[in-house]
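> One structure is given below, represented as structure tokens, and several questions about it will come after.
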Amino acid sequence: MAETLFVVATPIGNLEDITLRALRVLREVDLIACEDTRQTAKLLNHYQIQKPMTSYHEHNEVEKAAYLVGQLRSGKDIALVTDSGTPCISDPGYRIVRAAQEAGIRVVPVPGACSLIAALSVSGRPTDAFTFLGFFPARKGARQTFLQRLSKEQRTLIFYESPGRLLESLADIEEILGDRQLTIAREMTKIYEEVFFGAVAQARQHFSLNPLKGEIVVIVEKAAQPSFPLHSFEEGELRAKLDCIMGTDALSTSAAIKKLSQQLGTSRRELYRILAANRKPPKGAT
């Protein structure tokens, strides 16, 4: 009878940032699969947990997945942890999870700290829609091509970056995306925690004078919504767009005008003045 693979989030710095459930699971499982046993040992020793550990990393993950599935099938419970934060988030581990799922083994998340979510929560950037893109490409040409594809992205952008490449990446962001507002969080929950708010040019100046260490999360504001001046549209064209929204989304006139103004990047009040007065019902309406 196969047992359970627990995917356990661990602290990203401060050892107090671990849940009671995570501690219980780590004490109760038969084996802990660690990205680096030396890092996990620090956490286990702090909480006086003594359990067998086995290491996995990006170079042995396929082979280790087969081993761990065999252990699970033999009836053992296993906890999967990473060096810090939530396993499988821009870290190795997903192949182990997938192998367990394909083998019909129960996989259970034990949620907790995650650096990108921690940084986003204090970023002051919109969180209704965001995209996480992992680490920037290391080479300048690839990085610029990567950023070019994101130049019109209408979601908040989240990246990881290493201290040695941050200034190069900021220079490319400014060149490709412009001097946007951003938030840079480093060493979160640790002694030298810093959260920087400002424009890209300000960030380049600040971090050129204050050399970086530790893990870094870069959060960049979304692209400005394209603006279409109302005088570039015929009134009939605007009414057709409004009728289409109302017919498709079953919205009131006011709600449809709000949605259309967001799509066009125009003044809601001016659009309402043009369209709400003497509005004719769409064809086929009764």
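Letters for chains follow the order of the structure tokens (A, B, ...), residue numbers begin at 1 for each chain, and ligand numbers begin at 1 in the order shown.
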Counting only C-alpha atoms, what are the residues of segment 134-248 of chain A within 12 Å of segment 8-31 of chain A, and for each of them which pair of atoms is the nearest and at what distance in Å, to one decimal? Sort the table by chain and rising number, as a tab-separated table.


```
residue	atom	partner	partner_atom	distance
A:Arg186	CA	A:Gly13	CA	10.9
A:Glu187	CA	A:Gly13	CA	7.5
A:Met188	CA	A:Gly13	CA	6.8
A:Thr189	CA	A:Asn14	CA	5.4
A:Lys190	CA	A:Gly13	CA	5.4
A:Ile191	CA	A:Asn14	CA	8.7
A:Tyr192	CA	A:Gly13	CA	10.6
A:Glu193	CA	A:Gly13	CA	9.8
A:Gly214	CA	A:Gly13	CA	10.4
A:Glu215	CA	A:Ile12	CA	9.5
A:Ile216	CA	A:Ile12	CA	11.7
```

> Based on the selection just made, write N, CA and C atoms of those residues as a PDB file, in the first residue's frame.


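Saved the output as result_7.pdb:
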```
ATOM      1  N   ARG A 186      15.291  41.867  -1.120  1.00  0.00           N
ATOM      2  CA  ARG A 186      16.438  40.973  -0.927  1.00  0.00           C
ATOM      3  C   ARG A 186      16.540  40.549   0.528  1.00  0.00           C
ATOM      4  N   GLU A 187      17.090  39.372   0.730  1.00  0.00           N
ATOM      5  CA  GLU A 187      17.334  38.847   2.080  1.00  0.00           C
ATOM      6  C   GLU A 187      16.082  38.909   2.949  1.00  0.00           C
ATOM      7  N   MET A 188      14.946  38.583   2.379  1.00  0.00           N
ATOM      8  CA  MET A 188      13.693  38.676   3.129  1.00  0.00           C
ATOM      9  C   MET A 188      13.693  37.751   4.339  1.00  0.00           C
ATOM     10  N   THR A 189      13.197  38.281   5.436  1.00  0.00           N
ATOM     11  CA  THR A 189      13.087  37.649   6.757  1.00  0.00           C
ATOM     12  C   THR A 189      14.434  37.487   7.443  1.00  0.00           C
ATOM     13  N   LYS A 190      15.517  37.968   6.814  1.00  0.00           N
ATOM     14  CA  LYS A 190      16.860  37.840   7.400  1.00  0.00           C
ATOM     15  C   LYS A 190      17.310  39.174   7.997  1.00  0.00           C
ATOM     16  N   ILE A 191      18.485  39.193   8.568  1.00  0.00           N
ATOM     17  CA  ILE A 191      18.983  40.376   9.284  1.00  0.00           C
ATOM     18  C   ILE A 191      19.083  41.587   8.364  1.00  0.00           C
ATOM     19  N   TYR A 192      19.562  41.386   7.142  1.00  0.00           N
ATOM     20  CA  TYR A 192      19.794  42.517   6.242  1.00  0.00           C
ATOM     21  C   TYR A 192      18.675  42.669   5.213  1.00  0.00           C
ATOM     22  N   GLU A 193      17.469  42.330   5.594  1.00  0.00           N
ATOM     23  CA  GLU A 193      16.313  42.467   4.705  1.00  0.00           C
ATOM     24  C   GLU A 193      16.184  43.901   4.195  1.00  0.00           C
ATOM     25  N   GLY A 214      22.964  37.845  -1.256  1.00  0.00           N
ATOM     26  CA  GLY A 214      21.741  37.118  -0.946  1.00  0.00           C
ATOM     27  C   GLY A 214      20.778  36.993  -2.103  1.00  0.00           C
ATOM     28  N   GLU A 215      19.607  36.452  -1.792  1.00  0.00           N
ATOM     29  CA  GLU A 215      18.581  36.186  -2.784  1.00  0.00           C
ATOM     30  C   GLU A 215      17.800  37.456  -3.102  1.00  0.00           C
ATOM     31  N   ILE A 216      17.420  37.616  -4.384  1.00  0.00           N
ATOM     32  CA  ILE A 216      16.792  38.850  -4.838  1.00  0.00           C
ATOM     33  C   ILE A 216      15.522  38.526  -5.627  1.00  0.00           C
TER      34      ILE A 216
END
```

> Report as a list in words all protein, DNA and RNA residues lying within 10 Å of Ser162 of chain A, evaluated on only C-alpha atoms, omitting residues in the same chain fewer than 5 positions from it.

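Returned residues: Phe135, Phe136, Ala138, Leu167, Ser169, Leu212, Lys213, Gly214, Glu215, Ile216 and Val217 of chain A.
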
> List the spatial neighbours of Leu177 of chain A as a tab-separated table (two decimals) with N, CA and C atoms, in the first residue's frame - criterion: any atom at most 9 Å away, only C-alpha atoms, same-chain residues fewer than 6 positions off excluded.


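What follows is the written file out_9.tsv:
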```tsv
chain	number	residue	atom	x	y	z
A	147	LEU	N	13.08	40.11	-22.51
A	147	LEU	CA	12.38	41.30	-22.06
A	147	LEU	C	11.53	41.92	-23.18
A	148	GLN	N	12.01	41.85	-24.39
A	148	GLN	CA	11.25	42.40	-25.52
A	148	GLN	C	9.90	41.72	-25.64
A	150	LEU	N	8.17	40.73	-23.32
A	150	LEU	CA	7.34	41.13	-22.18
A	150	LEU	C	6.98	42.61	-22.23
A	151	SER	N	7.36	43.31	-23.26
A	151	SER	CA	7.24	44.77	-23.29
A	151	SER	C	5.80	45.26	-23.21
A	152	LYS	N	4.84	44.45	-23.65
A	152	LYS	CA	3.43	44.86	-23.62
A	152	LYS	C	2.62	44.05	-22.62
A	223	ALA	N	3.04	46.87	-18.21
A	223	ALA	CA	3.10	47.87	-19.28
A	223	ALA	C	1.91	48.82	-19.18
```

> When DSSP works through the backbone of this structure, what residues of segment 56-199 of chain A end up as strand (DSSP E or B), shown as a tab-separated table (two decimals) with C-alpha atoms, in the first residue's frame?


```
chain	number	residue	atom	x	y	z
A	78	ILE	CA	8.36	10.97	2.68
A	79	ALA	CA	8.71	14.73	3.06
A	80	LEU	CA	10.09	16.66	0.09
A	81	VAL	CA	11.83	19.91	1.06
A	85	GLY	CA	10.75	28.11	0.69
A	106	ARG	CA	-0.90	10.45	-2.74
A	107	VAL	CA	0.87	13.84	-2.88
A	108	VAL	CA	-0.02	16.38	-0.18
A	109	PRO	CA	1.07	20.05	-0.03
A	110	VAL	CA	2.12	21.49	3.32
A	130	PHE	CA	0.88	38.75	-12.13
A	131	THR	CA	3.29	36.36	-13.80
A	132	PHE	CA	6.38	34.71	-12.34
A	133	LEU	CA	9.20	34.20	-14.85
A	134	GLY	CA	12.00	32.68	-12.77
A	135	PHE	CA	15.59	33.87	-13.31
A	156	THR	CA	2.89	42.57	-12.87
A	157	LEU	CA	6.22	40.89	-13.69
A	158	ILE	CA	8.14	38.89	-11.06
A	159	PHE	CA	11.71	37.63	-11.50
A	160	TYR	CA	14.53	36.13	-9.47
A	161	GLU	CA	18.06	37.44	-9.97
A	181	GLN	CA	8.49	51.59	-11.36
A	182	LEU	CA	9.69	48.46	-9.61
A	183	THR	CA	10.25	46.81	-6.25
A	184	ILE	CA	13.40	44.88	-5.37
A	185	ALA	CA	13.33	42.66	-2.27
A	186	ARG	CA	16.44	40.97	-0.93
A	194	GLU	CA	15.74	45.34	2.28
A	195	VAL	CA	12.76	46.31	0.12
A	196	PHE	CA	13.50	49.01	-2.46
A	197	PHE	CA	10.75	51.02	-4.17
A	198	GLY	CA	11.38	53.32	-7.11
A	199	ALA	CA	12.09	53.63	-10.81
```

> For a test of reading the model, state the distance in Å between atom CA of Pro163 of chain A and atom CA of Lys222 of chain A, rounded to one decimal.

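Between atom CA of Pro163 of chain A and atom CA of Lys222 of chain A the gap is 23.3 Å.
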
> Segment 24-271 of chain A: which residues are helix (DSSP H, G or I) by DSSP, as a ChimeraX atom specification?

/A:24-28,37-46,61-73,94-102,115-121,140-148,163-177,200-209,230-232,235-249,253-264,268-271

> Of the candidates A:Glu174, A:Glu235, A:Glu168, A:Glu58, which one gets nearest to Val220 of chain A if we count only C-alpha atoms?

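Of the candidates, the smallest distance to Val220 of chain A is held by A:Glu174.
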
> How many Å separate atom CA of Val122 of chain A from atom CA of Val218 of chain A?

11.9 Å

> Atom CA of Cys244 of chain A and atom CA of Gly265 of chain A, how far apart in Å?

17.6 Å

> Fewer than 2 positions away in the same chain doesn't count, so skip those; otherwise give me all residues within 12 Å of segment 60-73 of chain A, counting only C-alpha atoms, as a PyMOL selection string.

chain A and resi 1-6+29-35+53-58+75-80+88+91-107

> Kindly save the residues from that selection, with N, CA and C atoms included, as a CSV table (one decimal), in the first residue's frame.


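Written file, again26.csv:
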```csv
chain,number,residue,atom,x,y,z
A,1,MET,N,0.9,-1.2,0.0
A,1,MET,CA,0.0,0.0,0.0
A,1,MET,C,0.9,1.2,0.0
A,2,ALA,N,0.8,2.0,-1.1
A,2,ALA,CA,1.6,3.2,-1.2
A,2,ALA,C,1.2,4.2,-0.1
A,3,GLU,N,2.2,4.9,0.4
A,3,GLU,CA,1.9,5.9,1.5
A,3,GLU,C,1.9,7.3,0.8
A,4,THR,N,2.4,8.3,1.5
A,4,THR,CA,2.2,9.7,1.1
A,4,THR,C,3.5,10.5,0.9
A,5,LEU,N,3.6,11.3,-0.1
A,5,LEU,CA,4.6,12.2,-0.4
A,5,LEU,C,4.2,13.6,0.1
A,6,PHE,N,4.8,14.2,1.1
A,6,PHE,CA,4.4,15.5,1.5
A,6,PHE,C,5.4,16.5,0.9
A,29,VAL,N,7.3,11.7,9.4
A,29,VAL,CA,7.7,10.9,8.1
A,29,VAL,C,8.8,10.0,8.4
A,30,ASP,N,9.0,9.0,7.5
A,30,ASP,CA,10.1,8.1,7.6
A,30,ASP,C,11.4,8.5,7.0
A,31,LEU,N,11.3,9.5,6.0
A,31,LEU,CA,12.4,9.9,5.2
A,31,LEU,C,12.2,11.3,4.8
A,32,ILE,N,13.2,12.2,4.8
A,32,ILE,CA,13.2,13.5,4.2
A,32,ILE,C,14.1,13.6,3.0
A,33,ALA,N,13.5,14.0,1.9
A,33,ALA,CA,14.2,14.2,0.6
A,33,ALA,C,14.6,15.7,0.6
A,34,CYS,N,15.9,16.0,0.5
A,34,CYS,CA,16.4,17.4,0.7
A,34,CYS,C,17.1,17.8,-0.6
A,35,GLU,N,17.0,19.0,-1.0
A,35,GLU,CA,17.8,19.6,-2.1
A,35,GLU,C,19.3,19.5,-1.6
A,53,MET,N,17.8,11.4,6.0
A,53,MET,CA,17.7,12.3,4.9
A,53,MET,C,18.4,11.7,3.6
A,54,THR,N,17.9,12.1,2.5
A,54,THR,CA,18.5,11.7,1.2
A,54,THR,C,18.5,13.0,0.3
A,55,SER,N,19.5,13.2,-0.5
A,55,SER,CA,19.6,14.4,-1.3
A,55,SER,C,19.1,14.2,-2.7
A,56,TYR,N,18.5,15.2,-3.2
A,56,TYR,CA,18.2,15.2,-4.6
A,56,TYR,C,18.6,16.6,-5.2
A,57,HIS,N,18.9,16.7,-6.4
A,57,HIS,CA,19.2,18.0,-7.1
A,57,HIS,C,18.9,17.9,-8.6
A,58,GLU,N,19.1,18.9,-9.3
A,58,GLU,CA,18.7,18.9,-10.7
A,58,GLU,C,19.5,17.9,-11.5
A,75,GLY,N,5.8,1.5,1.6
A,75,GLY,CA,5.0,1.9,2.8
A,75,GLY,C,5.5,3.1,3.6
A,76,LYS,N,6.5,3.7,3.1
A,76,LYS,CA,7.1,4.9,3.8
A,76,LYS,C,6.4,6.2,3.4
A,77,ASP,N,6.3,7.1,4.4
A,77,ASP,CA,5.9,8.4,4.2
A,77,ASP,C,7.2,9.3,4.0
A,78,ILE,N,7.2,10.2,3.0
A,78,ILE,CA,8.4,11.0,2.7
A,78,ILE,C,8.0,12.4,2.6
A,79,ALA,N,8.9,13.3,3.2
A,79,ALA,CA,8.7,14.7,3.1
A,79,ALA,C,9.7,15.2,2.0
A,80,LEU,N,9.2,16.0,1.1
A,80,LEU,CA,10.1,16.7,0.1
A,80,LEU,C,10.3,18.1,0.5
A,88,CYS,N,9.8,23.0,-5.6
A,88,CYS,CA,9.4,23.0,-7.0
A,88,CYS,C,9.1,24.4,-7.6
A,91,ASP,N,12.8,25.6,-8.4
A,91,ASP,CA,13.7,24.7,-7.7
A,91,ASP,C,13.5,23.3,-8.3
A,92,PRO,N,14.4,22.4,-8.1
A,92,PRO,CA,14.2,21.0,-8.5
A,92,PRO,C,13.1,20.4,-7.6
A,93,GLY,N,12.5,19.3,-8.1
A,93,GLY,CA,11.5,18.6,-7.3
A,93,GLY,C,10.3,18.2,-8.1
A,94,TYR,N,10.0,18.9,-9.2
A,94,TYR,CA,8.7,18.6,-9.8
A,94,TYR,C,8.7,17.2,-10.5
A,95,ARG,N,9.9,16.7,-10.9
A,95,ARG,CA,9.9,15.4,-11.5
A,95,ARG,C,9.6,14.3,-10.4
A,96,ILE,N,10.0,14.6,-9.2
A,96,ILE,CA,9.7,13.6,-8.1
A,96,ILE,C,8.2,13.6,-7.9
A,97,VAL,N,7.6,14.8,-7.8
A,97,VAL,CA,6.1,14.9,-7.6
A,97,VAL,C,5.4,14.2,-8.7
A,98,ARG,N,5.8,14.5,-10.0
A,98,ARG,CA,5.1,13.9,-11.1
A,98,ARG,C,5.3,12.4,-11.1
A,99,ALA,N,6.5,11.9,-10.8
A,99,ALA,CA,6.6,10.4,-10.7
A,99,ALA,C,5.7,9.8,-9.7
A,100,ALA,N,5.6,10.4,-8.5
A,100,ALA,CA,4.7,9.9,-7.5
A,100,ALA,C,3.3,9.9,-8.0
A,101,GLN,N,2.8,11.0,-8.6
A,101,GLN,CA,1.5,11.1,-9.1
A,101,GLN,C,1.2,10.0,-10.1
A,102,GLU,N,2.1,9.8,-11.1
A,102,GLU,CA,2.0,8.8,-12.1
A,102,GLU,C,1.9,7.4,-11.5
A,103,ALA,N,2.5,7.2,-10.4
A,103,ALA,CA,2.5,5.9,-9.7
A,103,ALA,C,1.3,5.7,-8.9
A,104,GLY,N,0.4,6.7,-8.8
A,104,GLY,CA,-0.8,6.6,-8.0
A,104,GLY,C,-0.6,6.8,-6.6
A,105,ILE,N,0.5,7.5,-6.2
A,105,ILE,CA,0.8,7.8,-4.8
A,105,ILE,C,0.2,9.1,-4.4
A,106,ARG,N,-0.3,9.2,-3.2
A,106,ARG,CA,-0.9,10.4,-2.7
A,106,ARG,C,0.2,11.5,-2.5
A,107,VAL,N,0.0,12.7,-3.1
A,107,VAL,CA,0.9,13.8,-2.9
A,107,VAL,C,0.1,15.0,-2.2
```

> Compile the contact shell of Asp172 of chain A as a PyMOL selection string: residues with an atom at most 12 Å away, counting only C-alpha atoms, same-chain residues fewer than 6 positions apart removed.

chain A and resi 136-148+151+165-166+178-180+200-201+204
